[in-house]
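Enquirer: Data: my_file22.pdb, PDB, C-alpha atoms, pLDDT in the B column.
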```pdb
ATOM      1  CA  MET E   1     161.887 140.188  90.608  1.00 41.00           C
ATOM      2  CA  LYS E   2     161.366 137.016  92.705  1.00 48.00           C
ATOM      3  CA  LEU E   3     157.670 137.206  91.926  1.00 45.00           C
ATOM      4  CA  LEU E   4     158.518 136.591  88.279  1.00 48.00           C
ATOM      5  CA  LEU E   5     160.695 133.567  89.044  1.00 48.00           C
ATOM      6  CA  ASN E   6     159.176 131.616  91.934  1.00 51.00           C
ATOM      7  CA  GLU E   7     156.046 130.372  90.169  1.00 55.00           C
ATOM      8  CA  SER E   8     155.637 128.107  87.168  1.00 63.00           C
ATOM      9  CA  PRO E   9     154.506 130.312  84.302  1.00 66.00           C
ATOM     10  CA  LEU E  10     151.374 129.708  82.237  1.00 71.00           C
ATOM     11  CA  LEU E  11     152.385 129.577  78.597  1.00 73.00           C
ATOM     12  CA  VAL E  12     150.321 130.976  75.774  1.00 75.00           C
ATOM     13  CA  LEU E  13     151.113 130.833  72.075  1.00 78.00           C
ATOM     14  CA  PRO E  14     150.248 134.000  70.169  1.00 81.00           C
ATOM     15  CA  THR E  15     148.927 131.943  67.239  1.00 78.00           C
ATOM     16  CA  LEU E  16     146.493 130.120  69.495  1.00 81.00           C
ATOM     17  CA  ALA E  17     145.422 133.362  71.161  1.00 83.00           C
ATOM     18  CA  VAL E  18     144.685 134.949  67.781  1.00 82.00           C
ATOM     19  CA  LYS E  19     142.782 131.908  66.504  1.00 81.00           C
ATOM     20  CA  LEU E  20     140.923 130.856  69.610  1.00 85.00           C
ATOM     21  CA  GLY E  21     140.973 133.787  72.029  1.00 87.00           C
ATOM     22  CA  LEU E  22     143.331 134.480  74.904  1.00 89.00           C
ATOM     23  CA  ASN E  23     141.445 132.569  77.603  1.00 89.00           C
ATOM     24  CA  GLU E  24     140.888 129.566  75.355  1.00 90.00           C
ATOM     25  CA  ALA E  25     144.565 129.529  74.339  1.00 88.00           C
ATOM     26  CA  ILE E  26     145.705 129.504  77.974  1.00 90.00           C
ATOM     27  CA  VAL E  27     143.263 126.735  78.903  1.00 88.00           C
ATOM     28  CA  LEU E  28     144.188 124.616  75.892  1.00 89.00           C
ATOM     29  CA  GLN E  29     147.932 124.956  76.511  1.00 89.00           C
ATOM     30  CA  GLN E  30     147.479 123.966  80.164  1.00 88.00           C
ATOM     31  CA  LEU E  31     145.319 120.958  79.253  1.00 88.00           C
ATOM     32  CA  HIS E  32     147.909 119.869  76.687  1.00 89.00           C
ATOM     33  CA  PHE E  33     150.592 120.018  79.370  1.00 88.00           C
ATOM     34  CA  ARG E  34     148.451 117.944  81.760  1.00 87.00           C
ATOM     35  CA  LEU E  35     147.670 115.347  79.097  1.00 89.00           C
ATOM     36  CA  LEU E  36     151.389 114.800  78.477  1.00 88.00           C
ATOM     37  CA  GLN E  37     151.692 113.660  82.116  1.00 88.00           C
ATOM     38  CA  SER E  38     148.345 111.851  82.451  1.00 88.00           C
ATOM     39  CA  PRO E  39     148.310 108.049  82.918  1.00 90.00           C
ATOM     40  CA  LEU E  40     144.585 107.822  82.076  1.00 89.00           C
ATOM     41  CA  LYS E  41     144.224 105.847  78.841  1.00 89.00           C
ATOM     42  CA  TYR E  42     140.756 104.892  77.614  1.00 88.00           C
ATOM     43  CA  ASP E  43     139.439 103.939  74.179  1.00 88.00           C
ATOM     44  CA  GLY E  44     142.761 104.731  72.562  1.00 87.00           C
ATOM     45  CA  PHE E  45     143.005 108.288  73.947  1.00 91.00           C
ATOM     46  CA  THR E  46     144.747 110.004  76.829  1.00 91.00           C
ATOM     47  CA  TRP E  47     142.382 111.801  79.226  1.00 93.00           C
ATOM     48  CA  TYR E  48     142.687 114.239  82.091  1.00 91.00           C
ATOM     49  CA  HIS E  49     139.867 114.823  84.573  1.00 88.00           C
ATOM     50  CA  HIS E  50     139.180 117.875  86.715  1.00 84.00           C
ATOM     51  CA  THR E  51     136.287 119.848  88.157  1.00 84.00           C
ATOM     52  CA  TYR E  52     135.962 123.575  87.523  1.00 83.00           C
ATOM     53  CA  THR E  53     136.813 124.114  91.192  1.00 85.00           C
ATOM     54  CA  LYS E  54     140.073 122.216  90.724  1.00 85.00           C
ATOM     55  CA  TRP E  55     140.816 124.080  87.505  1.00 85.00           C
ATOM     56  CA  ARG E  56     140.473 127.329  89.432  1.00 86.00           C
ATOM     57  CA  GLU E  57     143.480 126.287  91.522  1.00 86.00           C
ATOM     58  CA  GLN E  58     145.487 126.429  88.299  1.00 84.00           C
ATOM     59  CA  PHE E  59     143.778 129.629  87.147  1.00 87.00           C
ATOM     60  CA  PRO E  60     143.294 131.576  90.399  1.00 88.00           C
ATOM     61  CA  PHE E  61     142.861 134.853  88.475  1.00 88.00           C
ATOM     62  CA  TRP E  62     139.608 133.593  86.879  1.00 89.00           C
ATOM     63  CA  SER E  63     136.216 132.786  88.303  1.00 89.00           C
ATOM     64  CA  GLU E  64     134.718 129.328  87.739  1.00 87.00           C
ATOM     65  CA  LYS E  65     132.272 130.965  85.347  1.00 89.00           C
ATOM     66  CA  THR E  66     135.109 132.307  83.189  1.00 90.00           C
ATOM     67  CA  ILE E  67     136.853 128.930  83.233  1.00 89.00           C
ATOM     68  CA  SER E  68     133.686 127.098  82.250  1.00 88.00           C
ATOM     69  CA  ARG E  69     133.094 129.525  79.379  1.00 90.00           C
ATOM     70  CA  ALA E  70     136.587 128.906  78.009  1.00 90.00           C
ATOM     71  CA  PHE E  71     136.187 125.134  78.202  1.00 90.00           C
ATOM     72  CA  LEU E  72     132.688 125.204  76.708  1.00 90.00           C
ATOM     73  CA  SER E  73     133.888 127.428  73.879  1.00 90.00           C
ATOM     74  CA  LEU E  74     136.628 124.918  73.029  1.00 91.00           C
ATOM     75  CA  GLU E  75     134.176 122.028  73.316  1.00 91.00           C
ATOM     76  CA  ARG E  76     131.780 123.759  70.928  1.00 90.00           C
ATOM     77  CA  LYS E  77     134.556 124.149  68.414  1.00 88.00           C
ATOM     78  CA  GLY E  78     135.377 120.444  68.722  1.00 90.00           C
ATOM     79  CA  ILE E  79     138.927 121.070  69.917  1.00 91.00           C
ATOM     80  CA  ILE E  80     138.281 119.681  73.400  1.00 91.00           C
ATOM     81  CA  VAL E  81     136.300 116.466  73.803  1.00 92.00           C
ATOM     82  CA  SER E  82     134.720 115.895  77.207  1.00 89.00           C
ATOM     83  CA  SER E  83     133.064 112.866  78.793  1.00 88.00           C
ATOM     84  CA  GLN E  84     131.670 111.665  82.101  1.00 86.00           C
ATOM     85  CA  ALA E  85     131.509 108.020  81.019  1.00 85.00           C
ATOM     86  CA  TYR E  86     134.697 107.040  82.819  1.00 86.00           C
ATOM     87  CA  ASN E  87     133.619 108.133  86.306  1.00 84.00           C
ATOM     88  CA  ALA E  88     133.400 105.223  88.722  1.00 82.00           C
ATOM     89  CA  MET E  89     129.962 106.335  89.940  1.00 81.00           C
ATOM     90  CA  LYS E  90     127.150 107.901  87.930  1.00 74.00           C
ATOM     91  CA  VAL E  91     126.561 110.547  90.601  1.00 74.00           C
ATOM     92  CA  ASN E  92     130.117 111.795  89.996  1.00 78.00           C
ATOM     93  CA  LYS E  93     129.819 114.601  87.434  1.00 76.00           C
ATOM     94  CA  THR E  94     133.564 115.263  87.045  1.00 83.00           C
ATOM     95  CA  LYS E  95     134.457 115.876  83.405  1.00 87.00           C
ATOM     96  CA  TRP E  96     137.199 113.995  81.569  1.00 90.00           C
ATOM     97  CA  TYR E  97     138.977 115.929  78.811  1.00 92.00           C
ATOM     98  CA  ARG E  98     141.108 115.188  75.787  1.00 92.00           C
ATOM     99  CA  ILE E  99     142.231 117.299  72.839  1.00 91.00           C
ATOM    100  CA  ASP E 100     141.235 116.481  69.279  1.00 91.00           C
ATOM    101  CA  TYR E 101     144.526 117.453  67.695  1.00 88.00           C
ATOM    102  CA  ASP E 102     143.197 116.833  64.174  1.00 88.00           C
ATOM    103  CA  VAL E 103     140.509 119.482  64.629  1.00 88.00           C
ATOM    104  CA  LEU E 104     143.032 121.854  66.181  1.00 86.00           C
ATOM    105  CA  SER E 105     145.427 121.308  63.273  1.00 86.00           C
ATOM    106  CA  ARG E 106     142.744 122.074  60.693  1.00 85.00           C
ATOM    107  CA  ILE E 107     141.773 125.233  62.549  1.00 83.00           C
ATOM    108  CA  LEU E 108     145.359 126.439  62.682  1.00 80.00           C
ATOM    109  CA  GLU E 109     145.787 125.704  58.982  1.00 78.00           C
ATOM    110  CA  ARG E 110     142.611 127.695  58.148  1.00 65.00           C
ATOM    111  CA  GLN E 111     141.045 124.651  56.513  1.00 43.00           C
ATOM    112  CA  ILE E 112     137.782 125.112  58.359  1.00 43.00           C
ATOM    113  CA  ASP E 113     135.811 128.173  59.338  1.00 47.00           C
ATOM    114  CA  LEU E 114     135.640 128.963  63.010  1.00 48.00           C
ATOM    115  CA  PRO E 115     132.375 130.022  64.563  1.00 51.00           C
ATOM    116  CA  THR E 116     132.248 133.723  65.237  1.00 51.00           C
ATOM    117  CA  GLU E 117     132.615 135.011  68.772  1.00 53.00           C
ATOM    118  CA  THR E 118     128.921 135.875  68.789  1.00 54.00           C
ATOM    119  CA  ASP E 119     128.026 132.350  67.672  1.00 54.00           C
ATOM    120  CA  CYS E 120     130.182 130.854  70.373  1.00 56.00           C
ATOM    121  CA  GLU E 121     128.675 133.079  73.038  1.00 58.00           C
ATOM    122  CA  GLU E 122     125.164 132.221  71.900  1.00 59.00           C
ATOM    123  CA  GLN E 123     125.975 128.509  71.831  1.00 58.00           C
ATOM    124  CA  THR E 124     127.617 128.709  75.232  1.00 58.00           C
ATOM    125  CA  GLU E 125     124.664 130.605  76.696  1.00 60.00           C
ATOM    126  CA  GLN E 126     122.272 128.050  75.195  1.00 64.00           C
ATOM    127  CA  PHE E 127     124.376 125.210  76.577  1.00 59.00           C
ATOM    128  CA  GLU E 128     124.450 126.814  80.011  1.00 59.00           C
ATOM    129  CA  PHE E 129     120.692 127.365  79.823  1.00 61.00           C
ATOM    130  CA  ASN E 130     120.209 123.695  78.957  1.00 64.00           C
ATOM    131  CA  GLU E 131     122.507 122.662  81.793  1.00 59.00           C
ATOM    132  CA  GLU E 132     120.588 124.860  84.230  1.00 62.00           C
ATOM    133  CA  SER E 133     117.320 123.389  82.965  1.00 66.00           C
ATOM    134  CA  LYS E 134     118.678 119.880  83.451  1.00 64.00           C
ATOM    135  CA  MET E 135     119.803 120.796  86.942  1.00 64.00           C
ATOM    136  CA  ALA E 136     116.374 122.266  87.756  1.00 63.00           C
ATOM    137  CA  ASP E 137     114.706 119.117  86.418  1.00 68.00           C
ATOM    138  CA  SER E 138     117.068 116.992  88.477  1.00 64.00           C
ATOM    139  CA  VAL E 139     116.281 118.965  91.627  1.00 63.00           C
ATOM    140  CA  LYS E 140     112.564 118.689  90.870  1.00 67.00           C
ATOM    141  CA  LYS E 141     112.860 114.919  90.386  1.00 69.00           C
ATOM    142  CA  GLU E 142     114.767 114.578  93.654  1.00 65.00           C
ATOM    143  CA  ARG E 143     112.121 116.587  95.491  1.00 67.00           C
ATOM    144  CA  ASN E 144     109.333 114.509  93.942  1.00 65.00           C
ATOM    145  CA  LYS E 145     111.213 111.352  94.847  1.00 61.00           C
ATOM    146  CA  GLU E 146     111.656 112.546  98.419  1.00 60.00           C
ATOM    147  CA  LYS E 147     107.977 113.508  98.573  1.00 63.00           C
ATOM    148  CA  GLN E 148     106.981 110.085  97.230  1.00 61.00           C
ATOM    149  CA  GLN E 149     109.213 108.367  99.767  1.00 59.00           C
ATOM    150  CA  ASN E 150     107.603 110.350 102.584  1.00 63.00           C
ATOM    151  CA  THR E 151     104.160 109.464 101.247  1.00 66.00           C
ATOM    152  CA  ASN E 152     105.095 105.789 101.005  1.00 77.00           C
ATOM    153  CA  LEU E 153     106.438 105.868 104.549  1.00 81.00           C
ATOM    154  CA  GLU E 154     103.095 107.177 105.798  1.00 86.00           C
ATOM    155  CA  ILE E 155     101.285 104.457 103.848  1.00 87.00           C
ATOM    156  CA  MET E 156     103.607 101.730 105.155  1.00 88.00           C
ATOM    157  CA  THR E 157     103.132 102.977 108.697  1.00 90.00           C
ATOM    158  CA  GLU E 158      99.365 102.802 108.308  1.00 91.00           C
ATOM    159  CA  ILE E 159      99.517  99.275 106.849  1.00 93.00           C
ATOM    160  CA  ILE E 160     101.874  97.854 109.476  1.00 93.00           C
ATOM    161  CA  HIS E 161      99.916  99.446 112.320  1.00 93.00           C
ATOM    162  CA  TYR E 162      96.741  97.956 110.889  1.00 93.00           C
ATOM    163  CA  LEU E 163      98.330  94.498 110.688  1.00 94.00           C
ATOM    164  CA  ASN E 164      99.716  94.739 114.225  1.00 93.00           C
ATOM    165  CA  ASN E 165      96.345  95.804 115.624  1.00 93.00           C
ATOM    166  CA  LYS E 166      94.377  93.107 113.799  1.00 92.00           C
ATOM    167  CA  ALA E 167      96.806  90.227 114.287  1.00 91.00           C
ATOM    168  CA  TYR E 168      98.201  91.258 117.691  1.00 92.00           C
ATOM    169  CA  LYS E 169     101.722  91.501 116.276  1.00 91.00           C
ATOM    170  CA  GLU E 170     104.635  93.900 116.704  1.00 91.00           C
ATOM    171  CA  PHE E 171     106.165  94.194 113.244  1.00 92.00           C
ATOM    172  CA  ARG E 172     108.592  97.086 112.760  1.00 90.00           C
ATOM    173  CA  ILE E 173     108.016  99.900 110.259  1.00 84.00           C
ATOM    174  CA  ASN E 174     111.674 100.189 109.260  1.00 85.00           C
ATOM    175  CA  ASN E 175     112.220  96.547 108.306  1.00 89.00           C
ATOM    176  CA  GLN E 176     113.816  96.707 104.851  1.00 89.00           C
ATOM    177  CA  ALA E 177     112.275  93.471 103.568  1.00 90.00           C
ATOM    178  CA  THR E 178     108.815  94.637 104.618  1.00 90.00           C
ATOM    179  CA  LYS E 179     109.346  98.032 102.988  1.00 88.00           C
ATOM    180  CA  ARG E 180     110.403  96.386  99.723  1.00 89.00           C
ATOM    181  CA  LEU E 181     107.316  94.161  99.684  1.00 91.00           C
ATOM    182  CA  ILE E 182     104.909  97.018 100.353  1.00 91.00           C
ATOM    183  CA  ASN E 183     106.608  99.350  97.874  1.00 88.00           C
ATOM    184  CA  ALA E 184     106.509  96.662  95.195  1.00 90.00           C
ATOM    185  CA  ARG E 185     102.763  96.145  95.660  1.00 91.00           C
ATOM    186  CA  LEU E 186     102.140  99.889  95.663  1.00 89.00           C
ATOM    187  CA  GLN E 187     104.056 100.234  92.392  1.00 88.00           C
ATOM    188  CA  GLU E 188     101.803  97.536  90.941  1.00 90.00           C
ATOM    189  CA  GLY E 189      98.833  99.778  91.633  1.00 90.00           C
ATOM    190  CA  TYR E 190      97.426  98.258  94.808  1.00 91.00           C
ATOM    191  CA  THR E 191      95.937 100.595  97.412  1.00 92.00           C
ATOM    192  CA  VAL E 192      95.946 100.801 101.203  1.00 91.00           C
ATOM    193  CA  GLU E 193      92.406  99.428 101.184  1.00 93.00           C
ATOM    194  CA  ASP E 194      93.644  96.386  99.250  1.00 93.00           C
ATOM    195  CA  PHE E 195      96.242  95.727 101.954  1.00 94.00           C
ATOM    196  CA  LYS E 196      93.581  96.021 104.639  1.00 93.00           C
ATOM    197  CA  LYS E 197      91.299  93.590 102.794  1.00 93.00           C
ATOM    198  CA  VAL E 198      94.101  91.026 102.594  1.00 94.00           C
ATOM    199  CA  ILE E 199      94.876  91.468 106.280  1.00 95.00           C
ATOM    200  CA  ASP E 200      91.213  91.195 107.240  1.00 94.00           C
ATOM    201  CA  VAL E 201      90.522  88.015 105.266  1.00 93.00           C
ATOM    202  CA  LYS E 202      93.569  86.154 106.526  1.00 93.00           C
ATOM    203  CA  VAL E 203      93.111  87.319 110.126  1.00 94.00           C
ATOM    204  CA  SER E 204      89.550  85.993 110.022  1.00 92.00           C
ATOM    205  CA  GLN E 205      90.870  82.641 108.768  1.00 93.00           C
ATOM    206  CA  TRP E 206      94.109  82.220 110.683  1.00 94.00           C
ATOM    207  CA  LEU E 207      94.072  84.192 113.926  1.00 92.00           C
ATOM    208  CA  ASN E 208      92.417  81.443 115.949  1.00 92.00           C
ATOM    209  CA  ASN E 209      94.308  78.659 114.201  1.00 91.00           C
ATOM    210  CA  LYS E 210      97.463  77.738 116.122  1.00 89.00           C
ATOM    211  CA  GLU E 211      99.168  76.309 113.050  1.00 89.00           C
ATOM    212  CA  MET E 212      98.371  79.232 110.749  1.00 92.00           C
ATOM    213  CA  ARG E 213      98.503  82.312 112.956  1.00 90.00           C
ATOM    214  CA  SER E 214     102.304  82.502 112.597  1.00 91.00           C
ATOM    215  CA  TYR E 215     101.772  83.204 108.869  1.00 92.00           C
ATOM    216  CA  LEU E 216     100.097  86.502 109.656  1.00 93.00           C
ATOM    217  CA  ARG E 217     103.277  88.296 108.674  1.00 93.00           C
ATOM    218  CA  PRO E 218     104.323  90.666 105.841  1.00 93.00           C
ATOM    219  CA  SER E 219     106.546  88.096 104.109  1.00 92.00           C
ATOM    220  CA  THR E 220     103.526  85.818 103.647  1.00 93.00           C
ATOM    221  CA  LEU E 221     100.696  88.304 103.194  1.00 94.00           C
ATOM    222  CA  PHE E 222     102.447  90.771 100.888  1.00 93.00           C
ATOM    223  CA  SER E 223     104.461  88.452  98.634  1.00 92.00           C
ATOM    224  CA  PRO E 224     103.551  88.888  94.929  1.00 89.00           C
ATOM    225  CA  THR E 225     101.594  85.663  94.377  1.00 88.00           C
ATOM    226  CA  ASN E 226     100.030  85.434  97.817  1.00 92.00           C
ATOM    227  CA  PHE E 227      98.867  89.029  97.869  1.00 93.00           C
ATOM    228  CA  GLU E 228      96.890  88.725  94.637  1.00 92.00           C
ATOM    229  CA  ASN E 229      95.361  85.409  95.696  1.00 91.00           C
ATOM    230  CA  TYR E 230      94.385  86.671  99.139  1.00 92.00           C
ATOM    231  CA  LEU E 231      92.918  89.848  97.680  1.00 91.00           C
ATOM    232  CA  ASN E 232      90.759  87.782  95.334  1.00 91.00           C
ATOM    233  CA  GLU E 233      89.605  85.739  98.310  1.00 89.00           C
ATOM    234  CA  ALA E 234      88.584  88.932 100.048  1.00 87.00           C
ATOM    235  CA  ARG E 235      86.727  90.150  96.970  1.00 84.00           C
ATOM    236  CA  ASP E 236      84.902  86.822  96.582  1.00 81.00           C
ATOM    237  CA  MET E 237      83.689  86.835 100.156  1.00 75.00           C
ATOM    238  CA  LYS E 238      80.076  87.945 100.193  1.00 59.00           C
ATOM    239  CA  PRO E 239      78.909  89.929 103.173  1.00 56.00           C
ATOM    240  CA  SER E 240      76.619  88.017 105.486  1.00 51.00           C
ATOM    241  CA  PRO E 241      72.980  88.829 104.860  1.00 51.00           C
ATOM    242  CA  VAL E 242      71.439  91.167 107.373  1.00 47.00           C
ATOM    243  CA  LYS E 243      69.137  89.269 109.688  1.00 51.00           C
ATOM    244  CA  ARG E 244      65.755  90.873 110.049  1.00 53.00           C
ATOM    245  CA  THR E 245      64.154  90.734 113.449  1.00 56.00           C
ATOM    246  CA  ILE E 246      60.405  90.214 113.217  1.00 52.00           C
ATOM    247  CA  GLN E 247      58.713  92.206 115.929  1.00 55.00           C
ATOM    248  CA  PRO E 248      55.806  90.359 117.577  1.00 59.00           C
ATOM    249  CA  ILE E 249      52.376  91.938 117.313  1.00 51.00           C
ATOM    250  CA  VAL E 250      51.293  93.317 120.628  1.00 51.00           C
ATOM    251  CA  LEU E 251      47.553  93.426 121.184  1.00 48.00           C
ATOM    252  CA  ASP E 252      46.141  95.954 123.599  1.00 52.00           C
ATOM    253  CA  TYR E 253      42.964  94.455 125.008  1.00 51.00           C
ATOM    254  CA  ASN E 254      42.273  97.469 127.188  1.00 58.00           C
ATOM    255  CA  ALA E 255      41.680  99.728 124.198  1.00 49.00           C
ATOM    256  CA  GLY E 256      38.015  99.942 123.142  1.00 48.00           C
ATOM    257  CA  GLU E 257      36.461 100.906 119.877  1.00 48.00           C
ATOM    258  CA  GLU E 258      36.043 104.567 119.205  1.00 46.00           C
ATOM    259  CA  ASP E 259      32.583 105.992 119.505  1.00 46.00           C
ATOM    260  CA  GLU E 260      30.882 106.669 116.261  1.00 43.00           C
TER     261      GLU E 260
END
```
Kindly transcribe the structure held in the file into structure tokens.

Expert:
Amino acid sequence: MKLLLNESPLLVLPTLAVKLGLNEAIVLQQLHFRLLQSPLKYDGFTWYHHTYTKWREQFPFWSEKTISRAFLSLERKGIIVSSQAYNAMKVNKTKWYRIDYDVLSRILERQIDLPTETDCEEQTEQFEFNEESKMADSVKKERNKEKQQNTNLEIMTEIIHYLNNKAYKEFRINNQATKRLINARLQEGYTVEDFKKVIDVKVSQWLNNKEMRSYLRPSTLFSPTNFENYLNEARDMKPSPVKRTIQPIVLDYNAGEEDE
């Protein structure tokens, strides 16, 4: 008999179970109990936040999938209102919950028609499908972002190595200011060849100038205004004309005329 006395019971009202379903009634009653003790007040409502993993500690006899279905069913009916707007960080996906007691009251008084169980299941499945699609898109975006970052790192490495070789410098690849400058120019549509042209034109002008050679650095070369100006300088420079070497005519006086 101790087993029936040592734990706090989960209450369920028969009326709620009939109207909403057994699982939904248990979840709603538990959320109501938690809201009565919650200090979280936002926008004129009391909220309670939990992840499905944390909810499972209160409902150890259910899987997270079953718990999520019960919550989503109540959300679809408008009885539970959820939000992630109050999380301190956007990456935190913990849901905040409150109960719309007006909607619940109308449901219990039969003033509105409840969606059928089939409708709720279809809506829940569609919602879960949408959530899975969003998650897949998010994963895809993260992979693309990681791929782009790796690509940019290769490009930055090539640019900095080129500058170091041309200007006899030892700039580091992982300098954050340098990375920001190069990334900003890449996002503006400039190419690796554009960077090399800028480096080439300023090296040709400044490398042998004691006063100017110190400006052969990323902060000068790759700044927004300077970069565009230097690139235009490089484009305006006309290649030196190719000098033609005139070969002297060599006369062979030992050669005679051919016999007729």

Enquirer: Name the residues within 9 Å of (142.2, 122.8, 82.2), counting all atoms listed in the file in the file's coordinates, and put them as number ranges by chain.

Expert: E: 26-32, 34, 48-52, 54-56, 58-59, 67, 71, 97

Enquirer: For the atom pair CA of Ser63 in chain E and CA of Gly78 in chain E, what is the interatomic distance in Å to one decimal place?

Expert: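 We find that CA of Ser63 in chain E and CA of Gly78 in chain E lie 23.2 Å from each other.
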
Enquirer: What lies within 12 Å of range 203-208 of chain E using all atoms listed in the file, ignoring chain neighbours under 2 positions off, as a VMD selection string?

Expert: chain E and resid 162 to 169 196 to 201 210 to 217 221 230 233 to 234 237

Enquirer: If you measure from CA of Leu10 in chain E to CA of Asn23 in chain E, what distance in Å do you get, rounded to one decimal?

Expert: 11.3 Å

Enquirer: If the PyMOL selection byres ((chain E and resi 99-103) around 9) were run on this exact file, what residues would it hold? Put them as a PyMOL selection string.

Expert: chain E and resi 28+31-32+35+46-47+77-82+97-98+104-108+112
